[in-house]
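For reference, the structure discussed in these notes is given below.
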Amino acid sequence: MNTKTHCIYAVCMIFVAVAINMFGVFASSNTGIETGFQAVNLFQAELTKKTAAESVIATGECGENLTWTLDGSGTLTIDGTGDMEDYSISKRAPWEVYYNSINTIVINEGVTTIGSYAFYSADIPEIEIPDSVNTIKIFAFAYSDLQQITIHKNIAKIAQGCFFYCQNLSKVYLESEETEFDFQVF
């Protein structure tokens, strides 16, 4: 938490403590005090959750008009418009060093291509691909822990090895028979 958040938190805690103290004096039992403490705990939990989600752990560019952000709650967000940059075995995606911290990946509407090796060996059970994506390049999800994926009707092409060695991939939903699959996609 930053200094401003600490100050707000401290003022709120003092206010709640005074309210609990006043309420406890007038209450004939501990019910008011317990309710007050529950309110403090709930407030603290919400503040912590909101602060974690708002904190940025890392950010960068991943295409000409695309950015990536990893927040404190473990959400990796790809945002912007256009094609994602291609990566490789020797040039890894910049967020790969944070794989242990990532628990959700969000690709926002506007991204048109998921780059080569973008989520290679990622520890993610599922991912939602927006309708704006029309191509998934080579080895984009290879060796990842994907369990299911929906290939929506706007995806025109899925490149070689895209889902190669995804041992946990048990459900693939295909919305269009027009999607072109390269060889050895799975």
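Quick note on naming: the chains in the structure tokens go A, B, ... in the order shown, residues restart at 1 in each chain, and ligands are numbered from 1 in order of appearance.
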Where does range 140-174 of chain A meet range 91-114 of chain A within 12 Å, residue by residue, with the nearest atom pair and distance in Å to one decimal for each, counting only C-alpha atoms, listed by chain and rising number, as a tab-separated table?
```
residue	atom	partner	partner_atom	distance
A:Ala140	CA	A:Ile114	CA	6.9
A:Phe141	CA	A:Ile114	CA	9.5
A:Ser144	CA	A:Tyr99	CA	10.9
A:Asp145	CA	A:Asn103	CA	11.5
A:Leu146	CA	A:Ile105	CA	11.6
A:Asn154	CA	A:Thr112	CA	9.9
A:Ile155	CA	A:Thr113	CA	9.2
A:Ala156	CA	A:Thr113	CA	10.5
A:Lys157	CA	A:Thr113	CA	9.9
A:Ile158	CA	A:Ile114	CA	9.8
A:Ala159	CA	A:Ile114	CA	10.4
A:Cys162	CA	A:Ile114	CA	10.1
```
Could you write those residues out with N, CA, C and O atoms, as a tab-separated table (two decimals), in the first residue's frame?
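That gives us selection_32.tsv:
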```tsv
chain	number	residue	atom	x	y	z
A	140	ALA	N	1.83	-20.95	-29.94
A	140	ALA	CA	1.32	-19.89	-29.05
A	140	ALA	C	0.99	-20.42	-27.65
A	140	ALA	O	1.25	-19.76	-26.66
A	141	PHE	N	0.41	-21.63	-27.59
A	141	PHE	CA	0.04	-22.21	-26.30
A	141	PHE	C	0.72	-23.55	-26.04
A	141	PHE	O	0.36	-24.27	-25.12
A	144	SER	N	1.55	-25.63	-22.61
A	144	SER	CA	0.84	-24.94	-21.52
A	144	SER	C	-0.08	-25.92	-20.81
A	144	SER	O	-0.29	-27.04	-21.25
A	145	ASP	N	-0.66	-25.47	-19.71
A	145	ASP	CA	-1.57	-26.30	-18.93
A	145	ASP	C	-3.04	-26.07	-19.29
A	145	ASP	O	-3.91	-26.32	-18.46
A	146	LEU	N	-3.29	-25.59	-20.49
A	146	LEU	CA	-4.68	-25.38	-20.91
A	146	LEU	C	-5.50	-26.65	-20.76
A	146	LEU	O	-5.04	-27.73	-21.11
A	154	ASN	N	-14.44	-16.33	-35.72
A	154	ASN	CA	-13.61	-15.34	-36.40
A	154	ASN	C	-12.16	-15.77	-36.56
A	154	ASN	O	-11.40	-15.12	-37.27
A	155	ILE	N	-11.76	-16.83	-35.89
A	155	ILE	CA	-10.39	-17.30	-36.02
A	155	ILE	C	-10.27	-18.05	-37.34
A	155	ILE	O	-10.83	-19.13	-37.52
A	156	ALA	N	-9.56	-17.44	-38.27
A	156	ALA	CA	-9.43	-18.00	-39.61
A	156	ALA	C	-8.33	-19.06	-39.68
A	156	ALA	O	-8.43	-20.01	-40.45
A	157	LYS	N	-7.27	-18.88	-38.86
A	157	LYS	CA	-6.14	-19.80	-38.97
A	157	LYS	C	-5.51	-20.07	-37.61
A	157	LYS	O	-5.28	-19.16	-36.81
A	158	ILE	N	-5.20	-21.35	-37.41
A	158	ILE	CA	-4.44	-21.78	-36.24
A	158	ILE	C	-3.18	-22.45	-36.76
A	158	ILE	O	-3.25	-23.43	-37.49
A	159	ALA	N	-2.06	-21.90	-36.38
A	159	ALA	CA	-0.78	-22.32	-36.95
A	159	ALA	C	-0.23	-23.59	-36.30
A	159	ALA	O	-0.71	-24.05	-35.25
A	162	CYS	N	0.31	-25.01	-32.32
A	162	CYS	CA	-0.32	-24.04	-31.44
A	162	CYS	C	-0.66	-24.63	-30.07
A	162	CYS	O	-0.43	-24.00	-29.04
```
Write out as a PDB file with C-alpha atoms, in the first residue's frame which residues come within 9 Å of Phe186 in chain A when counting only C-alpha atoms, dropping same-chain ones fewer than 4 positions away.
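File selection-v7.pdb, as written:
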```pdb
ATOM      1  CA  ALA A 142       2.379 -25.190 -26.718  1.00  0.00           C
ATOM      2  CA  GLN A 160       1.476 -25.350 -36.497  1.00  0.00           C
ATOM      3  CA  GLY A 161       1.987 -26.623 -32.969  1.00  0.00           C
ATOM      4  CA  CYS A 162      -0.316 -24.037 -31.440  1.00  0.00           C
ATOM      5  CA  PHE A 163      -1.595 -26.494 -28.811  1.00  0.00           C
ATOM      6  CA  PHE A 164       1.288 -28.956 -29.071  1.00  0.00           C
ATOM      7  CA  TYR A 165       1.874 -31.042 -25.946  1.00  0.00           C
ATOM      8  CA  CYS A 166      -0.962 -29.470 -23.966  1.00  0.00           C
TER       9      CYS A 166
END
```
Check the smallest atom-to-atom distance from each of A:Gly115, A:Pro125, A:Pro130, A:Gly80 to Glu61 in chain A using only C-alpha atoms, then report the winner.
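Among the listed residues, A:Gly80 lies closest to Glu61 in chain A.
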Could you name the residues that touch Thr69 in chain A at 9 Å or less, counting only C-alpha atoms, but leaving out those on the same chain fewer than 2 positions away, as a ChimeraX atom specification?
/A:56-61,67,71,75-79,95
Selection above as a file: N, CA and C atoms, as a PDB file, in the first residue's frame:
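Wrote part38.pdb, looks like this:
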```pdb
ATOM      1  N   VAL A  56       0.383  -2.355 -10.009  1.00  0.00           N
ATOM      2  CA  VAL A  56       0.975  -2.902 -11.225  1.00  0.00           C
ATOM      3  C   VAL A  56       2.335  -3.493 -10.876  1.00  0.00           C
ATOM      4  N   ILE A  57       2.493  -4.772 -11.178  1.00  0.00           N
ATOM      5  CA  ILE A  57       3.769  -5.446 -10.928  1.00  0.00           C
ATOM      6  C   ILE A  57       4.732  -5.194 -12.080  1.00  0.00           C
ATOM      7  N   ALA A  58       4.210  -5.314 -13.309  1.00  0.00           N
ATOM      8  CA  ALA A  58       5.049  -5.110 -14.494  1.00  0.00           C
ATOM      9  C   ALA A  58       4.171  -4.729 -15.671  1.00  0.00           C
ATOM     10  N   THR A  59       4.757  -4.038 -16.621  1.00  0.00           N
ATOM     11  CA  THR A  59       4.036  -3.628 -17.815  1.00  0.00           C
ATOM     12  C   THR A  59       5.033  -3.436 -18.953  1.00  0.00           C
ATOM     13  N   GLY A  60       4.534  -3.463 -20.166  1.00  0.00           N
ATOM     14  CA  GLY A  60       5.404  -3.264 -21.318  1.00  0.00           C
ATOM     15  C   GLY A  60       4.614  -3.321 -22.613  1.00  0.00           C
ATOM     16  N   GLU A  61       5.332  -3.290 -23.711  1.00  0.00           N
ATOM     17  CA  GLU A  61       4.720  -3.369 -25.038  1.00  0.00           C
ATOM     18  C   GLU A  61       4.852  -4.782 -25.568  1.00  0.00           C
ATOM     19  N   THR A  67      -0.165  -3.372 -25.374  1.00  0.00           N
ATOM     20  CA  THR A  67       0.577  -3.346 -24.126  1.00  0.00           C
ATOM     21  C   THR A  67       0.159  -4.537 -23.283  1.00  0.00           C
ATOM     22  N   ASP A  71      -1.031  -7.238 -12.895  1.00  0.00           N
ATOM     23  CA  ASP A  71      -1.396  -6.538 -11.664  1.00  0.00           C
ATOM     24  C   ASP A  71      -1.175  -7.420 -10.439  1.00  0.00           C
ATOM     25  N   THR A  75      -3.404 -10.975 -12.557  1.00  0.00           N
ATOM     26  CA  THR A  75      -4.050 -10.914 -13.868  1.00  0.00           C
ATOM     27  C   THR A  75      -3.110 -10.271 -14.876  1.00  0.00           C
ATOM     28  N   LEU A  76      -2.821 -11.014 -15.943  1.00  0.00           N
ATOM     29  CA  LEU A  76      -2.051 -10.494 -17.064  1.00  0.00           C
ATOM     30  C   LEU A  76      -3.058 -10.018 -18.100  1.00  0.00           C
ATOM     31  N   THR A  77      -2.998  -8.747 -18.464  1.00  0.00           N
ATOM     32  CA  THR A  77      -3.942  -8.184 -19.427  1.00  0.00           C
ATOM     33  C   THR A  77      -3.185  -7.730 -20.662  1.00  0.00           C
ATOM     34  N   ILE A  78      -3.657  -8.176 -21.820  1.00  0.00           N
ATOM     35  CA  ILE A  78      -3.131  -7.723 -23.104  1.00  0.00           C
ATOM     36  C   ILE A  78      -4.168  -6.753 -23.649  1.00  0.00           C
ATOM     37  N   ASP A  79      -3.752  -5.529 -23.963  1.00  0.00           N
ATOM     38  CA  ASP A  79      -4.707  -4.491 -24.339  1.00  0.00           C
ATOM     39  C   ASP A  79      -4.189  -3.691 -25.525  1.00  0.00           C
ATOM     40  N   TRP A  95       6.437 -11.445 -20.337  1.00  0.00           N
ATOM     41  CA  TRP A  95       5.719 -11.820 -19.116  1.00  0.00           C
ATOM     42  C   TRP A  95       6.068 -13.224 -18.640  1.00  0.00           C
TER      43      TRP A  95
END
```
Pairwise distance for CA of Ile127 in chain A and CA of Thr150 in chain A, rounded to one decimal in Å
8.5 Å
Distance in Å - CA of Glu178 in chain A versus CA of His152 in chain A
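According to the coordinates, CA of Glu178 in chain A and CA of His152 in chain A are separated by 10.5 Å.
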For CA of Asp83 in chain A and CA of Lys171 in chain A, quote the distance in Å rounded to one decimal.
26.2 Å
